[in-house]
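Q: Next up is a structure, given as structure tokens.
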Amino acid sequence: MISRRQFSQALAVAGLATTAAATATAHASTPAWGELKQVRAGLLDVGYAELGPADGPVTILLHGWPYDIHSFVDVAPALAAKGHRVLIPYLRGYGPTRFLHAHTKRNGQQSAIAADLIAFMDALKVRKATLAGFDWGARTACVTAALWPERVKALVSVSGYLVVNLEQNQQPLSPQAELGWWYQYYFATDRGVKGYEQNSYEFNKLIWRLASPQWDFDEAMYARSATAWKNPDHVAIVVHNYRWRLQLALGEHRYDGLERALQAKPVISVPAITVASDFDGPNKDGAAYRKQFSGRYEHRVLDGIGHNVPQEAPVAFTEAVLDVVKGA
């Protein structure tokens with residue numbers, strides 16, 4: 001595991017501030033990755049950042065909702081300084097990523113986003129990569145590792161095993177737990193769609209605060225990420241994602257085989273580290289999903305950290321990636 005001092009040195013090598021604390025105060029500075037790249041991959045023209053040596057072991061960092069690739073603004077250069085080729089794609093419906101055809105369904109189901117990732121890897125001729133993410137990104141990483149283990153070297157997943165089982169997802173939770181999913185029910189209504197379209201900036205800021213109550217982000221940091229939600233397909237993808245989970249919207253037949261496999265709750269066999277934070281509540285100990293990992297496995301708990309783990313705790317997230325690769 002790397003120390004905070006080593007992490008700070010890695011940031012300095014990458015041209016950032018000399019300490020993690022100093023980096024945290026420079027929220028609006030230009031990210032270390034410079035100009036974004038674009039690649040045609042499957043159904044998409046994917047916008048992505050790339051850092052590190054072209055011949056280094058590949059690590060793909062995957063963001064969630066309502067976040068963007070800036071969640072990895074500190075993690076990515078630290079990994080690159082350790083020799084990793086780091087790729088950070090914008091998911092469908094975010095930032096500069098665009099659908100190639102107007103008639104393609106704006107689909108947010110889990111297997112569609114994972115298929116995007118495989119297409120992205122194919123387009124860049126990446127045979128195998130370490131996947132690390134949170135929220136939608138962790139789900140995409142888990143789905144990919146479960147369905148295509150031959151393409152995944154190792155896995156870091158915040159909040160553990162996040163593969164959606166549609167039947168299980170129909171079962172009610174405790175009233176307190178249901179309260180936390182209020183936005184899913186909001187998105188199930190036409191009013192919610194209009195509300196998100198009209199108020200996405202303030203809406204997502206509220207989500208950041210609720211999901212990470214101890215995270216002291218500033219307006220410049222938030223505004224930088226908020227540009228990703230100006231994507232013309234963002235609302236459609238977000239709404240479909242949450243409606244599909246509640247079986248209020250259909251997926252696409254092209255993914256039926258993948259979804260059938262996922263509904264069987266496939267075990268993930270690649271080396272994995274799961275990370276829990278205060279956001280995970282009663283599931284913080286990881287016991288609820290331990291049996292879903294059959295390979296080399298470790299569970300880590302971060303107290304005082306919210307949902308956006310890589311941006312709130314970049315040292316710990318970076319350590320998890322380096323450690324899981326070392327053990328793979």
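We label chains A, B, ... in the order they appear in the structure tokens, count residues from 1 in each chain, and number ligands from 1 in the order shown.
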Return as a Markdown table the residues of region 192-258 of chain A lying at most 12 Å from region 151-172 of chain A, together with the closest atom-to-atom pair for each and the distance in Å to one decimal, counting only C-alpha atoms, with rows in chain order and ascending residue number.
A:
| residue | atom | partner | partner_atom | distance |
| --- | --- | --- | --- | --- |
| A:Asn241 | CA | A:Val164 | CA | 11.0 |
| A:Tyr242 | CA | A:Val164 | CA | 10.9 |
| A:Arg243 | CA | A:Leu166 | CA | 11.2 |
| A:Trp244 | CA | A:Leu166 | CA | 8.7 |
| A:Arg245 | CA | A:Leu166 | CA | 6.3 |
| A:Leu246 | CA | A:Gln170 | CA | 6.7 |
| A:Gln247 | CA | A:Leu166 | CA | 7.2 |
| A:Leu248 | CA | A:Gln170 | CA | 10.9 |
| A:Ala249 | CA | A:Leu166 | CA | 11.7 |
| A:Leu250 | CA | A:Leu166 | CA | 11.6 |
| A:Gly251 | CA | A:Leu166 | CA | 11.7 |
| A:Leu258 | CA | A:Val163 | CA | 11.8 |
Q: Write out as a list in words the residues lying within 12 Å of Lys326 (chain A), counting only C-alpha atoms and excluding same-chain residues fewer than 5 positions away.
A: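 Those residues are Met1, Pro57, Lys82, Thr130, Lys153, Ala154, Leu155, Pro271, Ala272, Ile273, Arg296, Glu319, Ala320 and Val321 of chain A.
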Q: Hey, what does DSSP flag as helix (DSSP H, G or I) within region 230-307 of chain A? Can you give it to me as a VMD selection string?
A: chain A and resid 230 234 to 245 253 to 263 278 to 283 287 to 292
Q: Hey, what's within 12 Å of Phe187 (chain A) if we count only C-alpha atoms and toss same-chain stuff fewer than 3 positions away? As a list in words, please?
A: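 Counting only the stated atoms, we get Trp181, Trp182, Tyr183, Gln184, Asp190, Arg191, Gly192, Val193, Lys194, Gly195, Tyr196, Glu197, Phe203, Val235, Ala236, Ile237, Val238, Val239, His240, Asn241, Tyr242, Arg243, Trp244, Arg245, Leu246, Leu248 and Ala249 of chain A.
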Q: Suppose you want the space between CA of Gly286 (chain A) and CA of Leu302 (chain A); what is it in Å?
A: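 About the pair CA of Gly286 (chain A) and CA of Leu302 (chain A): they are 11.9 Å apart.
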Q: Considering only strand (DSSP E or B) as DSSP defines it on the backbone, what residues of region 71-229 of chain A qualify? List them as a short mmCIF file (atom, residue, chain, number, x, y, z; two decimals) with N, CA, C and O atoms, in the first residue's frame.
A:
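Writing the result to out-v1.cif gives the following:
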data_model
loop_
_atom_site.label_atom_id
_atom_site.label_comp_id
_atom_site.auth_asym_id
_atom_site.auth_seq_id
_atom_site.Cartn_x
_atom_site.Cartn_y
_atom_site.Cartn_z
N ARG A 85 -1.28 2.62 -17.83
CA ARG A 85 -1.98 3.33 -18.90
C ARG A 85 -3.42 3.48 -18.42
O ARG A 85 -4.16 2.51 -18.30
N VAL A 86 -3.82 4.70 -18.14
CA VAL A 86 -5.12 4.97 -17.52
C VAL A 86 -6.08 5.51 -18.56
O VAL A 86 -5.80 6.51 -19.24
N LEU A 87 -7.24 4.87 -18.68
CA LEU A 87 -8.29 5.30 -19.59
C LEU A 87 -9.53 5.64 -18.77
O LEU A 87 -9.92 4.88 -17.88
N ILE A 88 -10.15 6.79 -19.06
CA ILE A 88 -11.33 7.24 -18.30
C ILE A 88 -12.41 7.66 -19.29
O ILE A 88 -12.46 8.82 -19.72
N PRO A 89 -13.29 6.75 -19.66
CA PRO A 89 -14.33 7.09 -20.64
C PRO A 89 -15.54 7.76 -20.00
O PRO A 89 -15.91 7.46 -18.85
N ARG A 98 -21.23 10.40 -27.66
CA ARG A 98 -22.44 10.55 -28.48
C ARG A 98 -22.80 9.23 -29.14
O ARG A 98 -21.92 8.42 -29.47
N PHE A 99 -24.08 9.04 -29.39
CA PHE A 99 -24.53 7.91 -30.19
C PHE A 99 -24.21 8.19 -31.65
O PHE A 99 -24.33 9.32 -32.12
N ALA A 129 -7.93 -5.50 -19.01
CA ALA A 129 -7.72 -4.30 -18.20
C ALA A 129 -8.19 -4.52 -16.78
O ALA A 129 -9.08 -5.35 -16.51
N THR A 130 -7.61 -3.76 -15.87
CA THR A 130 -8.15 -3.65 -14.51
C THR A 130 -9.26 -2.62 -14.55
O THR A 130 -9.10 -1.54 -15.13
N LEU A 131 -10.39 -2.93 -13.96
CA LEU A 131 -11.54 -2.03 -13.93
C LEU A 131 -11.76 -1.53 -12.51
O LEU A 131 -11.72 -2.31 -11.55
N ALA A 132 -12.00 -0.23 -12.38
CA ALA A 132 -12.23 0.35 -11.05
C ALA A 132 -13.28 1.44 -11.17
O ALA A 132 -13.18 2.32 -12.04
N GLY A 133 -14.29 1.40 -10.32
CA GLY A 133 -15.33 2.41 -10.43
C GLY A 133 -16.24 2.46 -9.22
O GLY A 133 -16.10 1.70 -8.26
N VAL A 152 -10.93 -9.04 -18.03
CA VAL A 152 -10.71 -8.26 -16.80
C VAL A 152 -9.57 -8.87 -15.99
O VAL A 152 -9.63 -10.03 -15.57
N LYS A 153 -8.54 -8.09 -15.77
CA LYS A 153 -7.40 -8.55 -14.97
C LYS A 153 -7.73 -8.53 -13.49
O LYS A 153 -7.40 -9.46 -12.74
N ALA A 154 -8.37 -7.46 -13.03
CA ALA A 154 -8.72 -7.31 -11.62
C ALA A 154 -9.79 -6.24 -11.51
O ALA A 154 -10.07 -5.51 -12.47
N LEU A 155 -10.39 -6.14 -10.33
CA LEU A 155 -11.56 -5.30 -10.14
C LEU A 155 -11.50 -4.57 -8.81
O LEU A 155 -11.18 -5.16 -7.77
N VAL A 156 -11.83 -3.27 -8.84
CA VAL A 156 -12.09 -2.50 -7.62
C VAL A 156 -13.50 -1.95 -7.74
O VAL A 156 -13.81 -1.20 -8.68
N SER A 157 -14.35 -2.32 -6.83
CA SER A 157 -15.77 -1.93 -6.89
C SER A 157 -16.22 -1.28 -5.59
O SER A 157 -16.25 -1.93 -4.55
N VAL A 158 -16.56 -0.01 -5.68
CA VAL A 158 -17.14 0.68 -4.52
C VAL A 158 -18.58 0.20 -4.33
O VAL A 158 -19.34 0.10 -5.29
#
Q: Can you tell me how far CA of Gly56 (chain A) sits from CA of Gln311 (chain A), in Å to one decimal?
A: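 CA of Gly56 (chain A) sits 23.3 Å away from CA of Gln311 (chain A).
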Q: Distance CA of Lys291 (chain A)-CA of Ser212 (chain A), one decimal place?
A: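 Answer for the CA of Lys291 (chain A) to CA of Ser212 (chain A) separation: 27.7 Å.
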Q: Between A:Asp256, A:Asp74, A:Asp68, A:Asp216, single out the one closest to Tyr48 (chain A), counting only C-alpha atoms.
A: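 Among the listed residues, the smallest separation from Tyr48 (chain A) belongs to A:Asp68.
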Q: Choose the residue, out of A:Val324, A:Ala102, A:Ala78, A:Ala145, that has the smallest atom-to-atom separation from Pro232 (chain A); count only C-alpha atoms.
A: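 Looking only at the distances to Pro232 (chain A), the closest residue turns out to be A:Ala102.
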Q: Env of His307 (chain A): 7 Å cut, atoms = only C-alpha atoms, seq-sep filter 4 positions within chain, self excluded. Answer as a CSV table (one decimal) with N, CA and C atoms, in the first residue's frame.
A:
chain,number,residue,atom,x,y,z
A,211,ALA,N,-25.4,12.3,-0.8
A,211,ALA,CA,-24.6,11.1,-0.9
A,211,ALA,C,-23.2,11.2,-0.2
A,212,SER,N,-22.8,12.4,0.0
A,212,SER,CA,-21.5,12.7,0.6
A,212,SER,C,-21.6,13.9,1.6
A,277,SER,N,-18.2,2.6,2.1
A,277,SER,CA,-18.1,3.9,2.8
A,277,SER,C,-19.3,4.1,3.6
A,279,PHE,N,-21.8,5.8,2.9
A,279,PHE,CA,-22.9,5.7,2.0
A,279,PHE,C,-23.6,4.3,2.0
Q: Could you name the residues that touch region 141-144 of chain A at 6 Å or less, counting only C-alpha atoms, but leaving out those on the same chain fewer than 3 positions away, as a list in words?
A: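 Contacts, with the query itself left out: Ala114, Leu131, Ala138, Leu147 and Trp148 of chain A.
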